[in-house]
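Asker: Provided herewith is a single structure, encoded as structure tokens, for subsequent inquiry.
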Amino acid sequence: MKKFLSEVFRKFAVSLVSTILFAVVFFFLMGGMIASLLETPKPKIGLNSFLVVDLTMNLTERPGGLTFEDVAEQALTEEVKPQQLHLLEVLDALKKAKKDPRIAGILIEGSFQPQDYGCGYATIREMIQGLDEFKTSGKPVLGFCHSPTQLDYLVYSACDELYMDPSGTLLLNGLASQDLFLGDTLKKYGVGVQVVRTGRYKGAVEPFTSTGYSPENREQIQRLLDVRWADYLGFVSNRRDISFRELKATLGSHYLFEAEQALDAGLVDGILSHDQMIDLVIERGALNEDGDWYKEVALINYLDRPEPGNIAGGAEAHFSKPEVAVIYVEGVIVDGGVDDGSMVGGAEIVSRIRTAWNDENCKAIVLRVNSPGGSVSGSDAILQEIRRARAEGIPVVVSMGSVAASGGYWIATDCDLLIAHEQTITGSIGVFGLLPNLQDLGARFGASFDAVKTHSSADLLGVSRPKTAEEMKVLQTHVESLYEKFVTLVAKGRKLPLEEVKKHAEGRVWMGLDARRIGLVQELGGLTHAIDRAAVLAGLGEDYEVIEMPEVSTPMDDFVEMLDSQAQARPIMPNSSFTALAETAGWADAKQFLRVIEDTRRTYSWLSWYRGAFGFHP
């Protein structure tokens with residue numbers, strides 16, 4: 001018997017070791033195959049090449065890259081997703097191209113493909129600043145468009161020469177903010193919604209309780225629309241050398257331009273077919289070796305990105321010089337460890353901040369925020385870790401991107417320096433609680449809820465019943481307490497009288513320019529300005545390097561993470577009847593809202609109507 005058991009254990013051990021060895025060999029074989037499939041050698045850049053900036057991308061704040069899932073999906077469906085580039089790498093590429101003697105100029109073409117919180121207005125403005133810096137080299141920036149969107153045209157208008165396809169059109173019809181209001185619909189379906197909130201302007205809950213904007217919410221959105229459109233027209237009129245008054249008057253009666261009309265109005269410099277545009281670029285640059293195209297290098301191939309097969313990298317492996325860590329907060333703030341560009345977990349950002357200040361090479365942190373807020377608990381967790389970093393002697397600069405409102409402003413209340421872009425949407429200092437219940441809905445289909453409790457309010461945050469008047473008082477008191485904490489944080493952080501902060505709070509949303517005027521931000525500037533200021537605060541001079549968290553990922557990195565048993569799963573909200581109703585009705589905005597409301601106390605500081613690009617849902 002002993003011999004038999006010994007043989008069994010021996011064979012089991014052999015099988016186990018064989019399985020492990022097979023898995024290891026399979027992993028490296030697969031890794032090698034994937035790396036070889038993805039490895040595309042950097043093209044050789046010839047003299048007098050044009051750098052081609054194809055706007056057919058999603059320009060984000062946080063680094064992304066091509067995931068393993070993207071590669072698999074493309075292989076199966078043959079559908080190629082728009083490339084995802086992030087702002088800092090694009091700015092670095094433009095800076096490099098300015099000094100590169102091989103680069104004769106830049107050609108801009110294509111049309112943005114915004115996703116989630118990418119292609120924000122302030123982000124695009126910062127990209128244009130990079131183009132302006134490139135132009136100081138004396139090298140031209142040419143543009144070729146067909147039918148650009150208003151956001152595309154913002155970039156095209158900054159070109160030295162802009163040409164339109166003969167069959168193209170240009171629509172400049174202004175901005176609008178439109179939301180779907182489900183107040184009466186939810187009542188019809190038997191879904192009850194109770195709300196506790198602070199601030200006259202905190203309109204995040206209105207789509208679920210009303211049939212339209214409140215007067216206060218309409219007032220603030222109208223103000224933002226007017227300021228943004230005035231900025232847009234001012235920028236275009238300046239770049240196209242058209243008077244602001246003339247441009248505004250023209251668009252008041254005529255806003256859809258065919259190519260000839262756009263040329264007559266001075267909105268483009270010429271009309272060329274695609275082949276004619278190629279000939280023009282050849283004249284400005286050089287003919288390629290095949291004699292059928294101009295010498296070119298695509299922006300994606302000009303970026304300084306890690307090679308697809310390099311899995312030995314990581315932030316800690318790169319640098320020996322002092323570091324400024326740029327940590328990205330992009331998307332709605334939730335609890336947990338998610339970070340996908342749409343939602344970002346407080347726990348994930350806390351982990352990155354902690355990793356940064358524990359690194360002896362890290363001398364300063366720039367927190368780049370592009371978020372409309374979200375969970376109060378997730379936001380407060382980030383704020384506490386910022387305080388810890390500062391207590392450890394690490395200066396923290398907050399740089400606001402296209403949006404940093406509500407919870408996105410909460411996390412910026414305790415920092416060494418707060419910087420926003422002129423067109424950042426910020427403020428929205430307020431808190432709300434949303435409490436749906438499905439009692440009536442269930443009753444209509446013969447379903448009922450029952451509970452056994454130790455306290456009459458033990459199921460306070462459930463969805464089985466409406467809350468009593470006494471319970472609503474308790475919740476309102478809690479929300480008001482959080483609001484007082486919020487305004488106190490702002491007053492202390494911005495060194496303003498509490499009563500002064502309260503005048504600018506109440507959920508009111510501000511543009512960066514206005515926020516600077518009333519003291520809610522300290523300086524105006526972009527991401528590179530924030531990095532420079534952080535280096536100065538840390539006393540680094542010019543001898544430092546920038547580390548990004550997260551870094552640009554490669555499909556191989558993603559593949560390794562998929563196999564990592566420690567990788568955190570994305571939090572998923574239970575598929576309740578409320579969520580199912582939104583899915584069935586096709587209410588995309590409602591579904592997105594429901595994915596976010598997972599705070600354990602049902603309290604949020606969130607600017608729910610913000611959308612990417614211009615910031616509004618047309």
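Convention: chains lettered A, B, ... in structure tokens order; per-chain residue numbering from 1; ligands numbered from 1 as shown.
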So that I can see what lies close to Asp116 of chain A, please list as a list in words the residues with an atom at most 10 Å from it, counting only C-alpha atoms and leaving out residues fewer than 5 positions away in the same chain.

Answerer: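 Here the qualifying residues turn out to be Asn58, Thr60, Glu330, Gly331, Val332, Asp340, Gly341, Ser342, Met343, Arg611, Gly612 and Ala613 of chain A.
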
Asker: For the residues in that selection, give me N, CA, C and O atoms as a PDB file, in the first residue's frame.

Answerer:
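File result34.pdb, as written:
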ATOM      1  N   ASN A  58      -8.846  58.958 -30.805  1.00  0.00           N
ATOM      2  CA  ASN A  58      -9.461  59.407 -29.564  1.00  0.00           C
ATOM      3  C   ASN A  58      -8.337  59.963 -28.711  1.00  0.00           C
ATOM      4  O   ASN A  58      -7.508  59.209 -28.196  1.00  0.00           O
ATOM      5  N   THR A  60      -6.940  61.263 -25.556  1.00  0.00           N
ATOM      6  CA  THR A  60      -7.294  61.179 -24.145  1.00  0.00           C
ATOM      7  C   THR A  60      -6.263  61.900 -23.288  1.00  0.00           C
ATOM      8  O   THR A  60      -5.252  62.398 -23.786  1.00  0.00           O
ATOM      9  N   GLU A 330      -9.023  60.016 -14.997  1.00  0.00           N
ATOM     10  CA  GLU A 330      -9.898  60.282 -16.138  1.00  0.00           C
ATOM     11  C   GLU A 330     -11.131  59.392 -16.068  1.00  0.00           C
ATOM     12  O   GLU A 330     -11.018  58.173 -16.002  1.00  0.00           O
ATOM     13  N   GLY A 331     -12.297  60.018 -16.077  1.00  0.00           N
ATOM     14  CA  GLY A 331     -13.553  59.274 -16.031  1.00  0.00           C
ATOM     15  C   GLY A 331     -14.303  59.533 -14.740  1.00  0.00           C
ATOM     16  O   GLY A 331     -13.842  60.248 -13.843  1.00  0.00           O
ATOM     17  N   VAL A 332     -15.479  58.953 -14.636  1.00  0.00           N
ATOM     18  CA  VAL A 332     -16.307  59.093 -13.436  1.00  0.00           C
ATOM     19  C   VAL A 332     -15.636  58.355 -12.281  1.00  0.00           C
ATOM     20  O   VAL A 332     -15.198  57.214 -12.427  1.00  0.00           O
ATOM     21  N   ASP A 340     -10.575  52.594 -16.863  1.00  0.00           N
ATOM     22  CA  ASP A 340     -10.718  52.248 -18.281  1.00  0.00           C
ATOM     23  C   ASP A 340     -10.987  53.457 -19.167  1.00  0.00           C
ATOM     24  O   ASP A 340     -11.344  53.311 -20.333  1.00  0.00           O
ATOM     25  N   GLY A 341     -10.823  54.659 -18.626  1.00  0.00           N
ATOM     26  CA  GLY A 341     -11.089  55.862 -19.404  1.00  0.00           C
ATOM     27  C   GLY A 341     -12.509  56.353 -19.284  1.00  0.00           C
ATOM     28  O   GLY A 341     -12.802  57.515 -19.541  1.00  0.00           O
ATOM     29  N   SER A 342     -13.408  55.466 -18.872  1.00  0.00           N
ATOM     30  CA  SER A 342     -14.801  55.839 -18.646  1.00  0.00           C
ATOM     31  C   SER A 342     -15.073  55.997 -17.152  1.00  0.00           C
ATOM     32  O   SER A 342     -15.743  56.931 -16.724  1.00  0.00           O
ATOM     33  N   MET A 343     -14.537  55.051 -16.362  1.00  0.00           N
ATOM     34  CA  MET A 343     -14.639  55.115 -14.913  1.00  0.00           C
ATOM     35  C   MET A 343     -13.254  54.904 -14.320  1.00  0.00           C
ATOM     36  O   MET A 343     -12.423  54.194 -14.883  1.00  0.00           O
ATOM     37  N   ARG A 611     -20.478  65.852 -21.133  1.00  0.00           N
ATOM     38  CA  ARG A 611     -20.060  64.885 -22.153  1.00  0.00           C
ATOM     39  C   ARG A 611     -18.712  65.323 -22.697  1.00  0.00           C
ATOM     40  O   ARG A 611     -18.325  66.480 -22.576  1.00  0.00           O
ATOM     41  N   GLY A 612     -18.002  64.443 -23.345  1.00  0.00           N
ATOM     42  CA  GLY A 612     -16.697  64.767 -23.901  1.00  0.00           C
ATOM     43  C   GLY A 612     -16.792  65.806 -25.002  1.00  0.00           C
ATOM     44  O   GLY A 612     -17.848  66.367 -25.273  1.00  0.00           O
ATOM     45  N   ALA A 613     -15.683  66.048 -25.686  1.00  0.00           N
ATOM     46  CA  ALA A 613     -15.591  67.027 -26.777  1.00  0.00           C
ATOM     47  C   ALA A 613     -15.946  68.421 -26.249  1.00  0.00           C
ATOM     48  O   ALA A 613     -15.267  68.950 -25.392  1.00  0.00           O
TER      49      ALA A 613
END

Asker: If you count only C-alpha atoms, which residues fall within 7 Å of Ser49 of chain A, apart from same-chain ones fewer than 6 positions away, as a PyMOL selection string?

Answerer: chain A and resi 102-104+285-286+295-297

Asker: When you count only C-alpha atoms, which of these residues is closest to Pro466 of chain A: A:Asn301, A:Thr123, A:Gln194, A:Ser157?

Answerer: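 With only C-alpha atoms as the atom set, the closest residue is A:Gln194.
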
Asker: Measure the distance from atom CA of Leu482 of chain A to atom CA of Ala505 of chain A in Å and round it to one decimal.

Answerer: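 For atom CA of Leu482 of chain A relative to atom CA of Ala505 of chain A, the distance reads 13.1 Å.
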
Asker: Name all residues at most 7 Å from Asp54 of chain A (count only C-alpha atoms; drop same-chain ones fewer than 6 positions away) and give them as a ChimeraX atom specification.

Answerer: /A:108-110

Asker: A:Thr149, A:Ser177, A:Ser137, A:Thr528: which is nearest Phe616 of chain A, counting only C-alpha atoms?

Answerer: A:Ser177

Asker: List as number ranges by chain the protein and nucleic acid residues near Gly203 of chain A, meaning an atom at most 8 Å away when only C-alpha atoms are counted, but skip any in the same chain fewer than 3 places from it.

Answerer: A: 200, 206, 213-214, 217, 507, 607
